[in-house]
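This is coords_2.txt. It holds compact mmCIF, C-alpha atoms.
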```
# COMPACT_ATOMS: atom_id res chain seq x y z
CA MET A 1 -24.26 -43.97 -31.63
CA GLU A 2 -26.59 -44.38 -28.66
CA CYS A 3 -23.63 -44.52 -26.35
CA ASN A 4 -22.56 -40.98 -27.15
CA LYS A 5 -24.55 -38.71 -24.86
CA GLU A 6 -23.92 -40.71 -21.74
CA THR A 7 -20.26 -41.38 -22.50
CA ILE A 8 -19.56 -37.77 -23.37
CA ASP A 9 -20.99 -36.76 -20.01
CA LEU A 10 -18.62 -39.23 -18.41
CA MET A 11 -15.72 -37.78 -20.36
CA HIS A 12 -16.49 -34.30 -19.09
CA LYS A 13 -16.88 -35.59 -15.58
CA TYR A 14 -13.50 -37.22 -16.01
CA LEU A 15 -11.98 -33.95 -17.16
CA ASP A 16 -13.41 -32.17 -14.13
CA GLY A 17 -12.12 -34.91 -11.83
CA ASP A 18 -15.63 -35.85 -10.74
CA LEU A 19 -15.59 -39.47 -11.84
CA THR A 20 -16.22 -42.27 -9.35
CA LYS A 21 -14.24 -45.49 -9.54
CA GLN A 22 -17.20 -47.34 -11.02
CA GLU A 23 -17.83 -44.67 -13.67
CA GLU A 24 -14.18 -44.57 -14.59
CA CYS A 25 -14.29 -48.32 -15.11
CA ASN A 26 -17.35 -48.02 -17.32
CA LEU A 27 -15.75 -45.26 -19.37
CA ARG A 28 -12.59 -47.28 -19.88
CA THR A 29 -14.43 -50.36 -21.03
CA HIS A 30 -16.52 -48.33 -23.37
CA LEU A 31 -13.56 -46.48 -24.86
CA ASP A 32 -11.82 -49.78 -25.50
CA ASN A 33 -14.72 -50.88 -27.63
CA CYS A 34 -15.93 -47.70 -29.30
CA GLU A 35 -13.66 -45.96 -31.74
CA ASP A 36 -15.90 -42.91 -32.16
CA CYS A 37 -15.85 -42.20 -28.49
CA GLN A 38 -12.14 -42.79 -28.37
CA GLN A 39 -11.70 -40.18 -31.07
CA HIS A 40 -13.98 -37.78 -29.27
CA PHE A 41 -12.13 -38.23 -25.99
CA HIS A 42 -8.82 -37.74 -27.69
CA GLU A 43 -10.02 -34.52 -29.32
CA LEU A 44 -11.25 -33.16 -26.03
CA LYS A 45 -7.97 -33.80 -24.31
CA ARG A 46 -6.10 -32.31 -27.21
CA THR A 47 -8.34 -29.24 -27.15
CA ILE A 48 -7.42 -28.65 -23.54
CA THR A 49 -3.72 -28.97 -24.33
CA LEU A 50 -4.18 -26.49 -27.17
CA ILE A 51 -6.10 -24.04 -25.03
CA LYS A 52 -3.29 -24.11 -22.50
CA SER A 53 -0.82 -23.21 -25.20
CA ALA A 54 -2.71 -20.05 -26.20
CA GLU A 55 -0.70 -16.90 -26.62
CA ASN A 56 0.42 -15.17 -23.45
CA PHE A 57 0.32 -11.43 -22.96
CA SER A 58 2.10 -9.13 -20.58
CA ALA A 59 0.74 -5.91 -19.20
CA PRO A 60 2.21 -2.67 -20.58
CA VAL A 61 5.49 -1.64 -18.94
CA ASP A 62 4.13 1.35 -17.04
CA PHE A 63 0.98 -0.44 -15.90
CA THR A 64 1.73 -0.51 -12.17
CA GLN A 65 2.89 3.06 -12.18
CA LYS A 66 -0.31 4.20 -13.87
CA VAL A 67 -2.45 2.35 -11.35
CA MET A 68 -0.55 3.89 -8.46
CA GLU A 69 -0.94 7.36 -9.91
CA ASN A 70 -4.67 6.92 -10.19
CA LEU A 71 -5.29 5.69 -6.68
CA PRO A 72 -7.12 8.01 -4.31
CA ASN A 73 -4.83 9.76 -1.82
CA GLU A 74 -3.88 7.86 1.26
CA LYS A 75 -4.46 9.16 4.74
CA LYS A 76 -1.92 11.66 6.00
CA ARG A 77 -1.47 9.77 9.25
CA VAL A 78 -0.11 6.77 7.40
CA LYS A 79 2.27 8.91 5.40
CA TYR A 80 3.73 10.28 8.63
CA THR A 81 3.91 6.88 10.22
CA ARG A 82 5.89 5.59 7.27
CA TRP A 83 8.22 8.58 7.44
CA PHE A 84 8.80 7.90 11.12
CA LYS A 85 9.60 4.31 10.35
CA VAL A 86 12.14 5.33 7.75
CA HIS A 87 13.82 7.92 10.01
CA PRO A 88 13.83 6.49 13.54
CA VAL A 89 16.71 8.63 14.83
CA LEU A 90 15.16 11.91 13.73
CA THR A 91 11.87 10.82 15.21
CA ALA A 92 13.47 10.03 18.55
CA ALA A 93 15.30 13.37 18.52
CA ALA A 94 12.09 15.25 17.72
CA ILE A 95 10.17 13.53 20.49
CA PHE A 96 12.98 14.17 22.96
CA PHE A 97 13.11 17.81 21.98
CA VAL A 98 9.37 18.28 22.37
CA LEU A 99 9.35 16.61 25.77
CA MET A 100 12.29 18.63 26.95
CA MET A 101 10.76 21.88 25.82
CA THR A 102 7.45 21.18 27.52
CA GLY A 103 9.33 20.23 30.68
CA MET A 104 11.25 23.46 30.57
CA PHE A 105 8.17 25.52 29.94
CA SER A 106 6.23 24.04 32.80
CA ALA A 107 9.22 24.43 35.13
CA TRP A 108 9.61 28.03 34.01
CA ASN A 109 5.95 28.87 34.37
CA THR A 110 5.29 27.26 37.74
CA GLU A 111 8.19 29.00 39.39
CA SER A 112 6.68 32.43 39.58
CA GLU A 113 6.99 32.67 43.35
CA LEU A 114 9.77 34.65 44.91
CA VAL A 115 12.66 32.45 45.82
CA VAL A 116 15.55 33.76 47.87
CA SER A 117 18.57 31.98 49.22
CA LYS A 118 18.53 31.54 53.00
CA GLN A 119 20.57 34.29 54.50
CA GLU A 120 19.20 35.96 57.61
CA GLU A 121 20.69 39.28 56.69
CA LEU A 122 18.50 39.69 53.60
CA VAL A 123 15.39 41.82 53.99
CA ILE A 124 12.35 41.04 51.86
CA GLU A 125 9.76 43.67 50.98
CA GLY A 126 7.10 42.40 48.61
CA ASP A 127 8.95 41.09 45.60
CA THR A 128 12.06 43.04 46.36
CA VAL A 129 15.04 41.71 48.26
CA ILE A 130 17.19 44.26 49.99
CA VAL A 131 20.70 43.97 51.29
CA PRO A 132 20.64 46.61 54.04
CA GLU A 133 23.36 49.21 54.34
CA GLY A 134 26.38 48.21 56.31
CA VAL A 135 25.47 44.52 56.30
CA ILE A 136 27.73 41.87 54.91
CA VAL A 137 25.89 38.87 53.53
CA PRO A 138 28.01 35.77 53.59
CA GLY A 139 27.84 33.26 50.77
CA ASP A 140 26.19 33.29 47.33
CA VAL A 141 22.84 34.98 46.89
CA LEU A 142 20.12 33.73 44.59
CA VAL A 143 16.97 35.72 43.84
CA LYS A 144 14.30 34.27 41.62
CA ASN A 145 11.26 36.20 40.39
CA GLY A 146 12.15 39.29 42.34
CA ASN A 147 14.30 42.39 42.28
CA LEU A 148 17.41 42.99 44.29
CA ILE A 149 18.63 46.17 45.89
CA ILE A 150 22.16 46.09 47.15
CA LYS A 151 23.03 48.68 49.73
CA GLY A 152 25.43 46.62 51.75
CA THR A 153 27.90 43.96 50.64
CA ILE A 154 27.48 40.44 49.44
CA ASP A 155 30.41 38.16 50.06
CA GLY A 156 29.94 35.83 47.13
CA ASP A 157 28.24 35.45 43.75
CA VAL A 158 24.86 36.95 42.94
CA THR A 159 22.40 35.31 40.63
CA LEU A 160 19.23 37.09 39.59
CA VAL A 161 16.66 35.08 37.76
CA ASN A 162 13.71 36.83 36.16
CA GLY A 163 14.37 40.00 38.03
CA LYS A 164 16.31 43.20 38.02
CA LEU A 165 19.08 44.73 40.01
CA ILE A 166 17.71 48.03 41.27
CA ASP A 167 20.06 50.77 42.13
CA ASP A 168 18.03 53.25 44.20
CA ARG A 169 20.82 55.68 44.71
CA PRO A 170 20.50 58.91 42.72
CA ILE A 171 23.82 58.58 40.95
CA GLY A 172 23.14 55.22 39.34
CA GLY A 173 25.17 53.57 36.66
CA GLN A 174 27.54 50.77 36.09
CA GLU A 175 30.65 52.34 37.56
CA LEU A 176 29.02 53.27 40.76
CA MET A 177 27.35 49.94 41.08
CA ALA A 178 30.67 48.25 40.76
CA SER A 179 32.23 50.33 43.48
CA ALA A 180 29.36 50.58 45.88
CA GLY A 181 27.59 47.39 44.84
CA GLY A 182 29.44 45.30 47.29
CA VAL A 183 29.50 42.08 45.40
CA THR A 184 32.74 40.26 45.81
CA GLY A 185 31.94 37.45 43.39
CA GLU A 186 30.26 37.41 40.02
CA LEU A 187 26.98 39.12 39.34
CA GLU A 188 24.74 37.34 36.95
CA THR A 189 21.32 38.33 35.72
CA VAL A 190 19.15 35.83 33.94
CA ASP A 191 15.83 36.98 32.62
CA ARG A 192 15.28 35.10 29.47
CA MET A 193 14.18 31.59 28.88
CA PHE A 194 17.25 30.46 27.02
CA GLU A 195 19.61 32.12 29.38
CA TRP A 196 17.80 30.40 32.16
CA ILE A 197 18.22 27.06 30.40
CA TRP A 198 21.86 27.82 29.86
CA PHE A 199 22.20 28.71 33.49
CA GLN A 200 20.55 25.43 34.51
CA LEU A 201 22.84 23.46 32.26
CA LYS A 202 25.88 25.27 33.54
CA ASN A 203 24.89 24.57 37.09
CA PHE A 204 24.27 20.97 36.25
CA VAL A 205 27.69 20.60 34.67
CA LYS A 206 29.32 22.46 37.53
CA GLY A 207 27.52 20.15 39.90
CA ILE A 208 28.96 17.14 38.16
CA PHE A 209 32.51 18.47 38.23
CA SER A 210 32.38 19.63 41.81
CA PHE A 211 31.88 16.06 43.00
CA MET B 212 3.91 -16.07 -2.49
CA ASP B 213 0.45 -16.33 -0.97
CA GLN B 214 1.90 -15.31 2.37
CA PHE B 215 3.65 -12.35 0.78
CA ILE B 216 0.43 -11.12 -0.80
CA ARG B 217 -1.44 -11.69 2.45
CA GLU B 218 1.04 -9.49 4.32
CA LYS B 219 0.82 -6.80 1.68
CA ILE B 220 -2.96 -6.79 1.79
CA LYS B 221 -2.83 -6.35 5.56
CA GLU B 222 -0.60 -3.33 5.15
CA VAL B 223 -2.86 -1.89 2.46
CA LYS B 224 -5.81 -2.34 4.80
CA LYS B 225 -3.96 -0.35 7.45
CA GLY B 226 -3.76 2.40 4.86
CA ASP B 227 -0.30 1.93 3.46
CA GLN B 228 -0.69 2.74 -0.20
CA SER B 229 2.84 1.83 -1.23
CA SER B 230 2.27 -1.83 -0.33
CA PHE B 231 -0.39 -1.98 -3.00
CA GLU B 232 2.30 -1.44 -5.61
CA ASP B 233 3.69 -4.93 -4.98
CA VAL B 234 0.22 -6.39 -5.26
CA VAL B 235 -0.35 -4.66 -8.59
CA SER B 236 2.96 -5.69 -10.05
CA PHE B 237 2.39 -9.27 -8.96
CA TYR B 238 -1.03 -9.56 -10.58
CA GLN B 239 -0.79 -7.08 -13.43
CA ASP B 240 0.04 -9.58 -16.18
CA LYS B 241 -2.62 -12.03 -15.08
CA ILE B 242 -5.38 -9.48 -14.82
CA TYR B 243 -4.40 -7.63 -17.97
CA GLN B 244 -4.29 -10.90 -19.88
CA HIS B 245 -7.62 -11.98 -18.47
CA CYS B 246 -9.23 -8.73 -19.59
CA LEU B 247 -7.53 -8.86 -22.95
CA ARG B 248 -8.71 -12.38 -23.64
CA LEU B 249 -12.25 -11.48 -22.75
CA LEU B 250 -12.29 -8.16 -24.57
CA GLY B 251 -9.95 -8.83 -27.44
CA ASN B 252 -8.74 -5.24 -27.49
CA THR B 253 -5.56 -3.98 -25.84
CA HIS B 254 -6.82 -0.48 -25.05
CA GLU B 255 -9.99 -1.67 -23.42
CA ALA B 256 -8.08 -4.40 -21.63
CA GLU B 257 -5.61 -1.93 -20.13
CA ASP B 258 -8.41 0.39 -19.18
CA ILE B 259 -10.46 -2.30 -17.46
CA ALA B 260 -7.44 -3.92 -15.80
CA GLN B 261 -6.43 -0.55 -14.32
CA GLU B 262 -9.96 0.06 -13.17
CA SER B 263 -10.01 -3.39 -11.54
CA PHE B 264 -6.97 -2.62 -9.43
CA ILE B 265 -8.32 0.77 -8.42
CA ARG B 266 -11.65 -0.79 -7.44
CA ALA B 267 -9.81 -3.44 -5.47
CA TYR B 268 -7.86 -0.75 -3.61
CA VAL B 269 -10.89 1.38 -2.85
CA ASN B 270 -12.91 -1.60 -1.64
CA ILE B 271 -10.06 -3.41 0.09
CA HIS B 272 -11.93 -3.34 3.41
CA SER B 273 -14.70 -5.49 2.01
CA PHE B 274 -12.16 -8.19 1.19
CA ASP B 275 -12.27 -11.09 3.63
CA ASP B 276 -8.71 -12.05 4.63
CA ARG B 277 -9.58 -15.70 4.99
CA ARG B 278 -10.37 -16.01 1.31
CA LYS B 279 -8.09 -16.03 -1.66
CA PHE B 280 -7.18 -12.57 -2.89
CA SER B 281 -6.77 -13.68 -6.50
CA THR B 282 -10.35 -15.00 -6.59
CA TRP B 283 -11.63 -11.69 -5.33
CA LEU B 284 -9.52 -9.69 -7.76
CA TYR B 285 -10.57 -11.81 -10.74
CA ARG B 286 -14.15 -11.36 -9.73
CA ILE B 287 -13.81 -7.60 -9.85
CA ALA B 288 -12.01 -7.77 -13.19
CA THR B 289 -14.51 -10.20 -14.70
CA ASN B 290 -17.50 -8.14 -13.62
CA LEU B 291 -16.02 -4.96 -15.03
CA THR B 292 -15.17 -6.74 -18.27
CA ILE B 293 -18.63 -8.19 -18.68
CA ASP B 294 -20.13 -4.76 -18.01
CA ARG B 295 -17.92 -3.32 -20.70
CA ILE B 296 -18.87 -6.01 -23.20
CA ARG B 297 -22.54 -5.35 -22.54
CA LYS B 298 -22.18 -1.61 -22.92
CA ARG B 299 -20.15 -1.45 -26.06
CA LYS B 300 -21.73 -0.92 -29.42
CA PRO B 301 -20.88 -3.67 -31.78
CA ASP B 302 -20.19 -1.50 -34.86
CA TYR B 303 -16.53 -0.72 -34.82
CA TYR B 304 -14.80 -3.89 -33.87
CA LEU B 305 -11.69 -5.23 -35.44
CA ASP B 306 -13.41 -8.55 -35.83
CA ALA B 307 -16.18 -7.01 -37.83
CA GLU B 308 -16.08 -7.56 -41.57
CA ILE B 309 -15.37 -4.43 -43.56
CA ARG B 310 -18.26 -3.61 -45.82
CA GLY B 311 -17.64 -4.27 -49.47
CA THR B 312 -14.75 -6.64 -48.89
CA ASP B 313 -14.89 -10.34 -49.00
CA GLY B 314 -14.18 -11.68 -45.55
CA LEU B 315 -11.64 -9.02 -44.64
CA ASP B 316 -11.80 -7.74 -41.10
CA MET B 317 -9.97 -4.91 -39.38
CA TYR B 318 -7.27 -7.27 -38.14
CA SER B 319 -6.09 -7.67 -41.71
CA GLN B 320 -5.68 -3.89 -41.90
CA LEU B 321 -3.30 -3.75 -38.99
CA ALA B 322 0.40 -3.87 -39.61
CA SER B 323 1.61 -7.33 -38.78
CA GLU B 324 4.20 -7.55 -36.06
CA ALA B 325 7.84 -8.08 -36.82
CA MET B 326 8.43 -11.50 -38.31
CA LEU B 327 10.29 -14.07 -36.35
CA PRO B 328 12.32 -16.76 -38.01
CA GLY B 329 10.99 -20.25 -38.83
CA GLU B 330 9.40 -22.33 -36.17
CA GLU B 331 8.78 -19.53 -33.77
CA VAL B 332 6.45 -17.97 -36.28
CA GLU B 333 4.56 -21.21 -36.65
CA SER B 334 4.11 -21.71 -32.95
CA LEU B 335 3.15 -18.10 -32.50
CA GLU B 336 0.68 -18.38 -35.36
CA LEU B 337 -0.83 -21.42 -33.74
CA GLN B 338 -1.03 -19.67 -30.38
CA ARG B 339 -2.74 -16.74 -32.06
CA TYR B 340 -5.10 -19.03 -33.85
CA ILE B 341 -6.07 -20.79 -30.63
CA HIS B 342 -6.51 -17.47 -28.93
CA HIS B 343 -8.69 -16.31 -31.77
CA GLU B 344 -10.80 -19.45 -31.58
CA ILE B 345 -11.28 -18.99 -27.84
CA SER B 346 -12.30 -15.40 -28.41
CA GLN B 347 -15.03 -16.60 -30.78
CA LEU B 348 -16.82 -18.40 -27.98
CA PRO B 349 -19.74 -16.64 -26.30
CA PRO B 350 -18.42 -14.72 -23.25
CA LYS B 351 -20.10 -16.95 -20.68
CA TYR B 352 -18.24 -20.00 -21.98
CA ARG B 353 -15.09 -18.11 -22.81
CA SER B 354 -14.60 -16.74 -19.31
CA ILE B 355 -14.94 -20.17 -17.75
CA ILE B 356 -12.63 -21.89 -20.24
CA MET B 357 -10.05 -19.18 -19.64
CA LEU B 358 -10.28 -19.28 -15.90
CA ARG B 359 -10.04 -23.05 -15.88
CA TYR B 360 -7.30 -23.73 -18.40
CA LEU B 361 -5.35 -20.51 -18.74
CA GLU B 362 -5.55 -19.16 -15.23
CA GLU B 363 -5.89 -22.57 -13.60
CA PHE B 364 -8.61 -21.96 -11.08
CA SER B 365 -10.60 -24.84 -9.66
CA LEU B 366 -14.26 -25.16 -10.62
CA GLN B 367 -15.21 -24.15 -7.09
CA GLU B 368 -13.12 -20.99 -7.37
CA ILE B 369 -14.63 -20.20 -10.76
CA SER B 370 -18.07 -20.51 -9.24
CA GLU B 371 -16.98 -17.91 -6.63
CA ILE B 372 -15.38 -15.60 -9.17
CA LEU B 373 -18.39 -15.55 -11.45
CA ASP B 374 -20.89 -15.86 -8.63
CA ILE B 375 -22.79 -18.68 -10.31
CA PRO B 376 -23.61 -22.16 -8.94
CA LEU B 377 -21.05 -24.91 -9.34
CA GLY B 378 -23.49 -26.93 -11.45
CA THR B 379 -23.78 -24.08 -13.94
CA VAL B 380 -20.01 -23.81 -14.12
CA LYS B 381 -19.84 -27.49 -15.00
CA THR B 382 -22.52 -27.29 -17.66
CA ARG B 383 -20.85 -24.31 -19.24
CA ILE B 384 -17.40 -25.78 -19.18
CA HIS B 385 -18.73 -28.91 -20.89
CA ARG B 386 -20.32 -26.85 -23.62
CA GLY B 387 -17.27 -24.66 -23.94
CA ARG B 388 -15.03 -27.68 -24.34
CA GLU B 389 -17.30 -29.22 -26.93
CA ALA B 390 -17.50 -25.99 -28.88
CA LEU B 391 -13.74 -25.63 -28.90
CA ARG B 392 -13.26 -29.27 -29.75
CA LYS B 393 -15.23 -28.70 -32.93
CA ARG B 394 -13.25 -25.59 -33.77
CA LEU B 395 -9.84 -27.05 -33.03
CA ARG B 396 -10.22 -30.67 -34.19
CA HIS B 397 -8.58 -29.96 -37.53
CA VAL B 398 -5.53 -28.20 -36.06
```

Please go through the file and, once you have read it, give me the structure as structure tokens.
Amino acid sequence: MECNKETIDLMHKYLDGDLTKQEECNLRTHLDNCEDCQQHFHELKRTITLIKSAENFSAPVDFTQKVMENLPNEKKRVKYTRWFKVHPVLTAAAIFFVLMMTGMFSAWNTESELVVSKQEELVIEGDTVIVPEGVIVPGDVLVKNGNLIIKGTIDGDVTLVNGKLIDDRPIGGQELMASAGGVTGELETVDRMFEWIWFQLKNFVKGIFSF
Amino acid sequence: MDQFIREKIKEVKKGDQSSFEDVVSFYQDKIYQHCLRLLGNTHEAEDIAQESFIRAYVNIHSFDDRRKFSTWLYRIATNLTIDRIRKRKPDYYLDAEIRGTDGLDMYSQLASEAMLPGEEVESLELQRYIHHEISQLPPKYRSIIMLRYLEEFSLQEISEILDIPLGTVKTRIHRGREALRKRLRHV
């Protein structure tokens, strides 16, 4: 029985895959000659096989769900990012919309100077543009960020952006303006953001078709 | 599969919680089973297994990508389990003998599960028996035997999971094997 301690160590080394060639040889020779050790070795190997066949268990069905419910909240940023990933078209539309709006706003806000179309006949006083009496202004008239007083005649369309048409004659009113307001074309007043946008778009489309 | 888990962990690290769901469902059986084998009680096992995953999620940034995730996860689970074993009071366990009875424990008071026909019962009985014998080992041997032969980690990995030197792992696995050999030799 003296062999036992040493041989059993070798057996365990063998089971852990730590045996050198020489040791393996020694173990083999010993096992061939010693029935006790053979029995012991056999039992060890069998034990391992038995352990491996131990009952298996599965986690409860709702395990994952419960874990997920108990996790601390994730960062909002990530939630949004994931949403964006799931809805790329909406995201693109939203970004486009925001950019467009900011563009519009800046364009709207920077253009606070008085802009008048180039007709020599027009008289400018402060922020008011006057069509003098008895004068015929040829072509379309555009007034931005200013008021317009028509005493004479405009031979074309009138566009007023962010301004008013002032009728300084005592008997004001629509009828009179139509008769005396010598505008041969259309008269258009734009003083709201969206109308202005609409106007821009209309011009743009007109521009395309006129080519 | 390793690659899949690696990807998922990366996403979790970026803060994507939903990716963790795949990680949990991939490891849930293994971790639950590990806890159950160490604790021998389904409620505690579920509790600790859940806690392990939550800890893993919360501390995901301390996980080193170059290492194996399963080793790290088992380490968390094993530590929590050992803590629980240390904390619990040993009075009300199913294994404990009921006073005034002769060798009856609480297991015998539980309704047995539905019977299966013939051989299946026998093999299941044997599996249970083996499981029971493993659970009788002291925890320090039990955890190593389980990690080695049921969860198939290498000795090196076990040394990492349990944070003990490789030599100690070897000594304990030898003793664990010998102890089980004695218990199972008559099977």

Quiz prompt | Distance-based interface of chain A with chain B, 9 Å, counting all atoms listed in the file, as a PyMOL selection string | solution = chain A and resi 9+12-13+16+40+43-60+63-68+70-75+77-79+82

Practice problem: Name all residues at most 6 Å from Lys219 in chain B (count all atoms listed in the file; drop same-chain ones fewer than 3 positions away) and give them as JSON, numbers by chain. | Solution: {"B": [216, 222, 230]}

Please enclose the listed atoms of range 375-381 of chain B in an axis-aligned box, pad each side by 4 Å, and write out the centre and the three edge lengths in Å, rounded to one decimal, as JSON.
```
{"center_x": -21.8, "center_y": -23.1, "center_z": -12.0, "size_x": 11.9, "size_y": 16.8, "size_z": 14.1}
```

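The shell of residues at most 12 Å from Thr184 in chain A, with only C-alpha atoms counted and near chain neighbours (fewer than 6 positions) removed, consists of Ile136, Val137, Pro138, Gly139, Asp140, Val141, Gly152, Thr153, Ile154, Asp155, Gly156, Asp157, Val158 and Ala178 of chain A.
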
Self-check item: Atom pair CA of Lys118 in chain A / CA of Gly103 in chain A: separation (Å)
Solution: 26.7 Å

Quiz item: How far is it from CA of Lys202 in chain A to CA of Leu187 in chain A, in Å with one decimal?
Solution: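 So the two atoms, CA of Lys202 in chain A and CA of Leu187 in chain A, lie 15.1 Å apart.
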
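When only C-alpha atoms are used to compute distances to Pro349 in chain B, the closest of the residues B:Ile296, B:Arg217, B:Ile271, B:His254 turns out to be B:Ile296.
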
Quiz item: If you measure from CA of Val116 in chain A to CA of Ser210 in chain A, what distance in Å do you get, rounded to one decimal?
Solution: 22.8 Å

Quiz item: With only C-alpha atoms as the basis for distance, which of B:Arg295, B:Lys351, B:Arg383, B:Arg286 is at the shortest distance from Glu368 in chain B?
Solution: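 Closest to Glu368 in chain B, using only C-alpha atoms: B:Arg286.
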
Quiz item: Between B:Lys224, B:Lys279, B:His272, B:Arg297, which has the minimum distance to Pro350 in chain B (counting all atoms listed in the file)?
Solution: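 Closest residue, counting all atoms listed in the file: B:Arg297.
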
Exercise. Skip Glu371 in chain B itself and residues of its chain fewer than 4 positions away, then list as a list in words all residues within 9 Å of it, counting only C-alpha atoms.
Key: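 Non-adjacent residues within range: Thr282, Trp283, Arg286, Leu366, Gln367, Ile375, Pro376 and Leu377 of chain B.
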
Exercise. Tell me which protein, DNA and RNA residues are within 10 Å of Tyr14 in chain A, counting only C-alpha atoms, leaving out same-chain ones fewer than 4 positions away, and put them as a list in words.
Key: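 Answer for this query is Ile8, Asp9, Leu10, Asp18, Leu19, Thr20, Glu23, Glu24 and Leu27 of chain A.
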
C-alpha atoms of the current selection, written as a JSON list (two decimals), in the coordinates of the input:
```
[["chain", "number", "residue", "atom", "x", "y", "z"],
["A", 8, "ILE", "CA", -19.56, -37.77, -23.37],
["A", 9, "ASP", "CA", -20.99, -36.76, -20.01],
["A", 10, "LEU", "CA", -18.62, -39.23, -18.41],
["A", 18, "ASP", "CA", -15.63, -35.85, -10.74],
["A", 19, "LEU", "CA", -15.59, -39.47, -11.84],
["A", 20, "THR", "CA", -16.22, -42.27, -9.35],
["A", 23, "GLU", "CA", -17.83, -44.67, -13.67],
["A", 24, "GLU", "CA", -14.18, -44.57, -14.59],
["A", 27, "LEU", "CA", -15.75, -45.26, -19.37]]
```

Quiz item: Given the choices A:Pro132, A:Met104, A:Leu15, A:Val183, which gets closest to Ile197 in chain A if the distance is worked out from only C-alpha atoms?
Solution: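 Result for the nearest residue to Ile197 in chain A: A:Met104.
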
Quiz item: Can you list, as a ChimeraX atom specification, every protein, DNA or RNA residue that comes within 12 Å of Leu31 in chain A when you count only C-alpha atoms, leaving out same-chain residues fewer than 2 positions away?
Solution: /A:3-4,7-8,10-11,24-29,33-42
